[in-house]
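Okay, so here's the structure we're looking at.
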Number of protein chains: 2
Amino acid sequence: MLSTQLKNQLIEIVGDQGVLDQPEQLACYAYDAFIEEALPDVVVFPKSTADVSQILKAASKAGVPVTGRGAGTSVCGAPVPVRQGIVMGFSKMDKIIEVNTRDRYVVVQPGVVNADIQRALAPFGFFYPPDPGSMNTSTIGGNIALNAGGPRCLKYGVTVDYVLGLEVVLASGEIIRFGSKNVKDVTGYKLSSLFCGSEGTLGIITEAILKVMPKPEAVRTLMVTFGDLDSTAKAVTDIIGSGIIPAAMELMDQMTLNAIEDAAGLGLDRKAAGSLLIEIDGVAEACDKQLKQIVEKVNENGAIKIEEAATDIERERLWTARRSAYGVFAKIAPDILSEDVTVPVSQVPEMIRTINDIGERYDLTIGVLAHAGDGNMHPMIAADRSDKAQWEKVERAFTEIFQAAVRLGGTLSGEHGIGLAKSAFIPLVMNRETVSFMKKIKQAVDPGQILNPGKFV
Amino acid sequence: MLSTQLKNQLIEIVGDQGVLDQPEQLACYAYDAFIEEALPDVVVFPKSTADVSQILKAASKAGVPVTGRGAGTSVCGAPVPVRQGIVMGFSKMDKIIEVNTRDRYVVVQPGVVNADIQRALAPFGFFYPPDPGSMNTSTIGGNIALNAGGPRCLKYGVTVDYVLGLEVVLASGEIIRFGSKNVKDVTGYKLSSLFCGSEGTLGIITEAILKVMPKPEAVRTLMVTFGDLDSTAKAVTDIIGSGIIPAAMELMDQMTLNAIEDAAGLGLDRKAAGSLLIEIDGVAEACDKQLKQIVEKVNENGAIKIEEAATDIERERLWTARRSAYGVFAKIAPDILSEDVTVPVSQVPEMIRTINDIGERYDLTIGVLAHAGDGNMHPMIAADRSDKAQWEKVERAFTEIFQAAVRLGGTLSGEHGIGLAKSAFIPLVMNRETVSFMKKIKQAVDPGQILNPGKFV
């Protein structure tokens with residue numbers, strides 16, 4: 001429980017309208033898209049960096065936890081306030097401060113929605129590459145805190161590759177700024193990368209300078225289906241192996257395809273064991289040439305059907321299918337767990353076989369969705385948490401999936417983050433000394449342990 | 001002075017052959033390509049991570065500084081052991097451990113020369129993009145410690161964008177490992193980026209997993225000359241502004257062109273006020289199209305002469321001119337100072353005017369070389385350090401250059417690092433709290449301050 005004194009301080013800083021403390025209000029800030037929940041004591045909405053600084057000073061003095069929160073679309077539990085305290089929302093810090101396509105950057109506040117940056121850039125023929133599945137709702141502050149990825153990160157890289165500079169408020173309330181508007185900058189430690197993916201445990205991001213890119217002049221989008229999953233995966237490694245790096249290469253298995261078809265009736269081939277949504281972009285002539293090479297490769301792997309999007313509307317339809325996968329899969333059962341183990345791309349076929357095998361052994365519905373070109377797999381298990389026996393199987397299945405990924409040279413998370421979901425599995429990929437190194441940094445920067453406590457560090 | 005006990009310990013760890021302590025030997029490890037020098041007490045050459053760990057344990061216990069050193073090609077003084085102690089060389093840890101082009105990575109020891117990685121990858125049709133001017137001699141350990149850039153980083157990004165994972169030995173001798181062979185990995189803090197550019201102040205890199213890329217099928221190289229420097233710079237911003245991102249876009253002013261011509265007689269146009277070496281790569285058809293667009297843009301800016309390299313030999317000749325610039329400029333006077341202030345690309349013309357103006361006011365020979373596409377400028381001053389009055393002017397000129405860059409939205413260093421050269425100027429770009437934040441991290445990780453002390457943190 002928060003002291004009345006602290007609550008009054010918060011009201012003084014952000015005003016009556018900026019503080020929520022009624023149970024029905026707090027309930028909206030207790031969860032993300034992972035399964036665990038925890039009620040905060042209070043939710044505050046700063047309007048400025050100065051507000052954030054004052055809130056953190058007050059919280060530090062009182063020793064009360066502060067957990068930053070964007071749109072709550074995280075799937076690893078990162079913004080769930082497991083130690084209660086203050087949740088800090090950024091809906092009032094949602095301005096695009098500067099758009100400068102000549103020098104290829106934008107300056108934004110943390111509450112700006114990813115898609116709004118895209119909209120602001122479109123008239124100039126530019127875009128911001130990282131495109132998490134949640135891009136229509138997730139905020140850039142959350143994207144940075146979780147180092148978000150997305151389908152086109154295969155070619156373009158993830159969030160950390162686009163953060164040029166940050167303004168961050170530390171637990172002490174001190175405001176630090178680093179990086180710059182320059183795409184090359186080696187002045188001091190690369191702090192922007194340290195904060196990117198730190199899941200709110202080191203500081204609160206209050207402003208970001210992001211690199212943006214000119215939109216490629218042409219895009220080609222293909223949906224290819226296969227008779228078995230092995231060939232689907234093999235086509236992926238063959239395309240990448242031939243030196244082509246598509247913008248995106250999304251794999252869906254039969255279960256996922258059918259779940260989408262049930263829900264959306266998009267005309268997908270229900271009998272296909274696997275499908276690839278492949279997108280290439282760039283200079284038109286280069287796209288045409290690569291398209292031919294890709295068609296050759298998928299044919300060599302026994303493609304059943306190759307469908308090219310002839311118009312923007314058709315392209316949108318194919319992407320809608322892909323983007324809706326998580327949502328429709330979530331409707332199969334009361335609960336869904338989606339993971340994002342990642343393996344070297346040559347191990348994708350083996351990893352898919354292993355996931356299927358685990359699903360059969362535990363008698364679980366596991367759909368496979370993958371950003372296959374970079375080995376980032378999203379096994380999704382639809383299950384019922386209230387069925388204890390089944391849920392235990394779910395947990396054992398995921399443990400085996402993590403172990404298999406690591407055995408194949410992979411890692412726990414490609415883009416979702418660790419949060420609550422995967423903290424326990426960190427020893428699979430890091431020795432004690434490395435974990436202790438992270439804790440030393442955390443301790444040095446947040447000695448009172450008030451920033452998003454109870455997470456991976 | 002090192003204690004006999006510590007020296008004996010070092011000999012025990014690496015053997016007689018792995019320790020140098022004679023004055024004439026030490027002198028070879030006292031400097032880099034910056035102007036300051038400092039003799040170490042001893043130089044050791046570990047053969048393994050275990051050796052590095054034992055050396056650091058011994059040094060920590062004795063409170064003796066340890067400074068890592070690659071090939072000593074740094075131009076900021078980073079490997080100069082200003083507090084003496086141990087210099088650690090990596091010529092015995094120079095193995096390429098794994099080349100895996102299917103999964104797009106290599107695993108290397110820190111002493112591997114950048115160009116040797118390129119040679120190991122070439123037969124597979126792959127390359128490692130970061131290409132510092134020193135690539136034929138500089139080692140990957142140094143490249144990572146300094147977050148090296150290079151001409152083609154305009155399109156491909158700098159070293160930090162290619163470090164997937166590291167093994168690092170801490171001051172305590174503990175060995176930590178993080179990152180993985182996966183291009184996407186968000187497991188814990190992004191430590192690979194923290195060490196990249198840390199200039200040996202946080203730990204000693206003993207192994208690296210680097211991302212590699214398929215070689216583009218085609219390359220086109222152009223040398224374009226202009227009648228004035230303004231038009232040269234304007235052509236750069238026009239090309240970038242049109243949405244084309246060349247692999248490289250190198251600017252040289254008249255003074256630099258003539259210095260090269262004096263030394264190498266490559267047939268460059270001595271009357272040109274400015275020149276651009278432009279390279280594009282990718283799918284052949286895309287290169288052809290972009291080449292036309294680039295020719296249009298340079299013609300719009302009054303290009304005097306456009307020369308396309310028709311063969312690999314001609315291409316090599318153009319690049320030799322560019323790559324030799326630093327070396328030939330260094331021969332104009334006894335000393336050379338080369339800086340690498342960086343500005344947003346739209347400010348390149350203004351920055352060049354400012355540098356010329358500063359040169360005139362102080363009556364100094366300042367050549368301008370720039371990775372112009374990303375605003376990374378290399379003003380070079382040839383002067384005589386023994387001429388005190390002149391050297392004072394050099395220092396004042398550089399101070400003004402740093403101030404001007406920051407005023408234009410730029411930063412102190414795009415790729416050379418801070419080292420000894422620019423520590424004093426950090427307050428121009430970072431507030432006290434940010435500097436103190438870096439110091440906190442340093443203190444937490446290296447409480448005895450033995451790792452490369454006396455540098456920027």
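Residues are referred to by chain and number: the chain letter is A, B, ... according to the order shown in the structure tokens, the number counts from 1 in that chain, and ligands are numbered separately from 1 in the order shown.
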inquiry  = Need the shell around Pro344 in chain A: protein/DNA/RNA residues with any atom at most 7 Å away, counting only C-alpha atoms. Skip same-chain ones fewer than 4 positions apart. Format as a PyMOL selection string?
reply    = (chain A and resi 375+409-410) or (chain B and resi 103+181-182)
message = Quick check: residues of chain B within 6 Å of chain A, only C-alpha atoms, returned as a PyMOL selection string.
response = chain B and resi 102-103+176+182+184-187+189-190+193-194+198+214+241+243+283+285-286+344-345+413-415+417+433-434+441+444
DSSP-assigned strand (DSSP E or B) members of range 180-336 of chain B, reported as a CSV table (one decimal) with N, CA, C and O atoms, in the first residue's frame:
chain,number,residue,atom,x,y,z
B,204,ILE,N,38.2,-7.5,-21.0
B,204,ILE,CA,39.1,-7.8,-22.1
B,204,ILE,C,38.4,-8.8,-23.0
B,204,ILE,O,38.0,-9.9,-22.5
B,205,ILE,N,38.2,-8.5,-24.3
B,205,ILE,CA,37.4,-9.4,-25.2
B,205,ILE,C,38.4,-10.5,-25.6
B,205,ILE,O,39.5,-10.3,-26.1
B,206,THR,N,37.9,-11.8,-25.4
B,206,THR,CA,38.7,-12.9,-25.8
B,206,THR,C,38.1,-13.8,-26.9
B,206,THR,O,38.8,-14.7,-27.4
B,207,GLU,N,36.9,-13.5,-27.3
B,207,GLU,CA,36.3,-14.2,-28.4
B,207,GLU,C,35.0,-13.5,-28.9
B,207,GLU,O,34.4,-12.8,-28.1
B,208,ALA,N,34.8,-13.5,-30.2
B,208,ALA,CA,33.6,-12.8,-30.7
B,208,ALA,C,32.9,-13.6,-31.7
B,208,ALA,O,33.5,-14.3,-32.5
B,209,ILE,N,31.6,-13.5,-31.7
B,209,ILE,CA,30.7,-14.0,-32.7
B,209,ILE,C,30.3,-12.9,-33.6
B,209,ILE,O,29.6,-11.9,-33.0
B,210,LEU,N,30.6,-12.9,-34.8
B,210,LEU,CA,30.3,-11.7,-35.7
B,210,LEU,C,29.3,-12.1,-36.8
B,210,LEU,O,29.4,-13.2,-37.4
B,211,LYS,N,28.4,-11.3,-37.1
B,211,LYS,CA,27.5,-11.5,-38.2
B,211,LYS,C,28.2,-11.2,-39.5
B,211,LYS,O,29.0,-10.2,-39.6
B,213,MET,N,27.8,-11.2,-44.0
B,213,MET,CA,26.7,-10.9,-45.1
B,213,MET,C,27.1,-11.6,-46.4
B,213,MET,O,28.3,-11.6,-46.7
B,214,PRO,N,26.1,-11.9,-47.2
B,214,PRO,CA,26.4,-12.4,-48.5
B,214,PRO,C,27.0,-11.2,-49.4
B,214,PRO,O,26.4,-10.1,-49.2
B,218,ALA,N,26.9,-7.3,-57.5
B,218,ALA,CA,27.5,-6.2,-58.4
B,218,ALA,C,28.0,-5.0,-57.6
B,218,ALA,O,27.5,-4.7,-56.5
B,219,VAL,N,29.0,-4.4,-58.1
B,219,VAL,CA,29.6,-3.2,-57.5
B,219,VAL,C,29.8,-2.1,-58.6
B,219,VAL,O,30.3,-2.5,-59.7
B,220,ARG,N,29.5,-0.9,-58.4
B,220,ARG,CA,29.8,0.2,-59.3
B,220,ARG,C,30.5,1.3,-58.6
B,220,ARG,O,30.1,1.7,-57.5
B,221,THR,N,31.6,1.7,-59.1
B,221,THR,CA,32.4,2.7,-58.4
B,221,THR,C,32.7,3.9,-59.3
B,221,THR,O,33.0,3.8,-60.5
B,222,LEU,N,32.4,5.1,-58.8
B,222,LEU,CA,32.5,6.3,-59.5
B,222,LEU,C,33.4,7.3,-58.8
B,222,LEU,O,33.4,7.4,-57.6
B,223,MET,N,34.2,8.0,-59.6
B,223,MET,CA,34.9,9.2,-59.0
B,223,MET,C,34.4,10.4,-59.7
B,223,MET,O,34.4,10.5,-61.0
B,224,VAL,N,33.9,11.4,-59.0
B,224,VAL,CA,33.3,12.6,-59.5
B,224,VAL,C,34.0,13.8,-59.0
B,224,VAL,O,34.3,13.8,-57.8
B,225,THR,N,34.4,14.7,-59.8
B,225,THR,CA,35.1,15.9,-59.3
B,225,THR,C,34.2,17.1,-59.6
B,225,THR,O,33.4,17.2,-60.5
B,226,PHE,N,34.4,18.1,-58.7
B,226,PHE,CA,33.6,19.4,-58.8
B,226,PHE,C,34.5,20.6,-58.7
B,226,PHE,O,35.6,20.5,-58.2
B,248,ALA,N,29.2,3.5,-50.1
B,248,ALA,CA,30.2,4.5,-49.6
B,248,ALA,C,30.1,5.7,-50.4
B,248,ALA,O,29.7,5.7,-51.6
B,249,MET,N,30.4,6.8,-49.8
B,249,MET,CA,30.4,8.1,-50.5
B,249,MET,C,31.5,9.0,-49.8
B,249,MET,O,31.2,9.6,-48.8
B,250,GLU,N,32.7,8.9,-50.4
B,250,GLU,CA,33.8,9.5,-49.8
B,250,GLU,C,34.2,10.9,-50.4
B,250,GLU,O,34.4,11.0,-51.6
B,251,LEU,N,34.3,11.9,-49.5
B,251,LEU,CA,34.6,13.2,-50.0
B,251,LEU,C,36.1,13.5,-49.8
B,251,LEU,O,36.6,13.3,-48.7
B,252,MET,N,36.8,14.1,-50.7
B,252,MET,CA,38.1,14.6,-50.5
B,252,MET,C,38.2,16.1,-51.1
B,252,MET,O,37.7,16.3,-52.1
B,253,ASP,N,38.9,16.9,-50.3
B,253,ASP,CA,39.0,18.3,-50.8
B,253,ASP,C,40.3,18.4,-51.7
B,253,ASP,O,41.1,17.5,-51.8
B,274,GLY,N,36.8,19.7,-55.1
B,274,GLY,CA,36.3,18.6,-54.3
B,274,GLY,C,36.1,17.4,-55.1
B,274,GLY,O,35.8,17.5,-56.4
B,275,SER,N,36.1,16.2,-54.5
B,275,SER,CA,35.8,15.0,-55.3
B,275,SER,C,35.0,14.0,-54.4
B,275,SER,O,35.0,14.1,-53.2
B,276,LEU,N,34.2,13.2,-55.1
B,276,LEU,CA,33.4,12.2,-54.4
B,276,LEU,C,33.8,10.8,-55.0
B,276,LEU,O,33.7,10.6,-56.2
B,277,LEU,N,34.1,9.9,-54.1
B,277,LEU,CA,34.3,8.5,-54.5
B,277,LEU,C,33.0,7.8,-54.1
B,277,LEU,O,32.7,7.7,-52.9
B,278,ILE,N,32.2,7.4,-55.1
B,278,ILE,CA,30.9,6.9,-54.7
B,278,ILE,C,30.8,5.4,-55.1
B,278,ILE,O,31.2,5.1,-56.3
B,279,GLU,N,30.4,4.6,-54.2
B,279,GLU,CA,30.3,3.2,-54.6
B,279,GLU,C,28.9,2.7,-54.2
B,279,GLU,O,28.3,3.0,-53.2
B,280,ILE,N,28.2,2.0,-55.2
B,280,ILE,CA,27.0,1.3,-54.9
B,280,ILE,C,27.1,-0.2,-55.1
B,280,ILE,O,28.0,-0.6,-55.9
B,281,ASP,N,26.3,-0.9,-54.4
B,281,ASP,CA,26.4,-2.4,-54.6
B,281,ASP,C,25.1,-3.0,-54.4
B,281,ASP,O,24.1,-2.4,-53.9
B,282,GLY,N,24.9,-4.2,-54.9
B,282,GLY,CA,23.6,-4.9,-54.8
B,282,GLY,C,23.4,-5.8,-56.1
B,282,GLY,O,24.3,-6.2,-56.7
B,303,ALA,N,29.0,18.7,-61.8
B,303,ALA,CA,30.2,17.9,-61.8
B,303,ALA,C,31.0,18.2,-63.0
B,303,ALA,O,30.5,18.4,-64.1
B,304,ILE,N,32.4,18.2,-62.8
B,304,ILE,CA,33.3,18.5,-63.9
B,304,ILE,C,33.6,17.3,-64.6
B,304,ILE,O,33.6,17.2,-65.8
B,305,LYS,N,33.9,16.2,-63.9
B,305,LYS,CA,34.3,15.0,-64.5
B,305,LYS,C,33.7,13.8,-63.8
B,305,LYS,O,33.7,13.7,-62.5
B,306,ILE,N,33.2,12.8,-64.5
B,306,ILE,CA,32.6,11.6,-63.9
B,306,ILE,C,33.4,10.4,-64.5
B,306,ILE,O,33.4,10.2,-65.7
B,307,GLU,N,34.0,9.7,-63.6
B,307,GLU,CA,34.9,8.6,-64.1
B,307,GLU,C,34.4,7.3,-63.5
B,307,GLU,O,34.3,7.2,-62.2
B,308,GLU,N,33.9,6.3,-64.3
B,308,GLU,CA,33.5,5.1,-63.7
B,308,GLU,C,34.5,4.0,-63.8
B,308,GLU,O,35.2,3.9,-64.9
B,335,ASP,N,54.0,16.0,-37.9
B,335,ASP,CA,52.9,15.4,-37.2
B,335,ASP,C,51.6,15.6,-37.9
B,335,ASP,O,51.4,16.5,-38.7
B,336,ILE,N,50.7,14.7,-37.6
B,336,ILE,CA,49.3,14.8,-38.2
B,336,ILE,C,48.3,14.6,-37.1
B,336,ILE,O,48.5,13.7,-36.2
note = Among B:Asp51, B:Asp32, B:Asp41, B:Glu300, Ala71 in chain B is approached most closely, using only C-alpha atoms, by B:Asp32
task = One decimal, Å: what's the distance from CA of Ser60 in chain B over to CA of Gln109 in chain B, could you say?
result =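 So the two atoms, CA of Ser60 in chain B and CA of Gln109 in chain B, lie 23.2 Å apart.
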ask   = Quick one: residues within 7 Å of range 131-144 of chain B, only C-alpha atoms counted, chain neighbours fewer than 5 positions away excluded, as number ranges by chain?
value = B: 69-71, 73, 110-115, 149-152, 159, 196-197, 205, 323
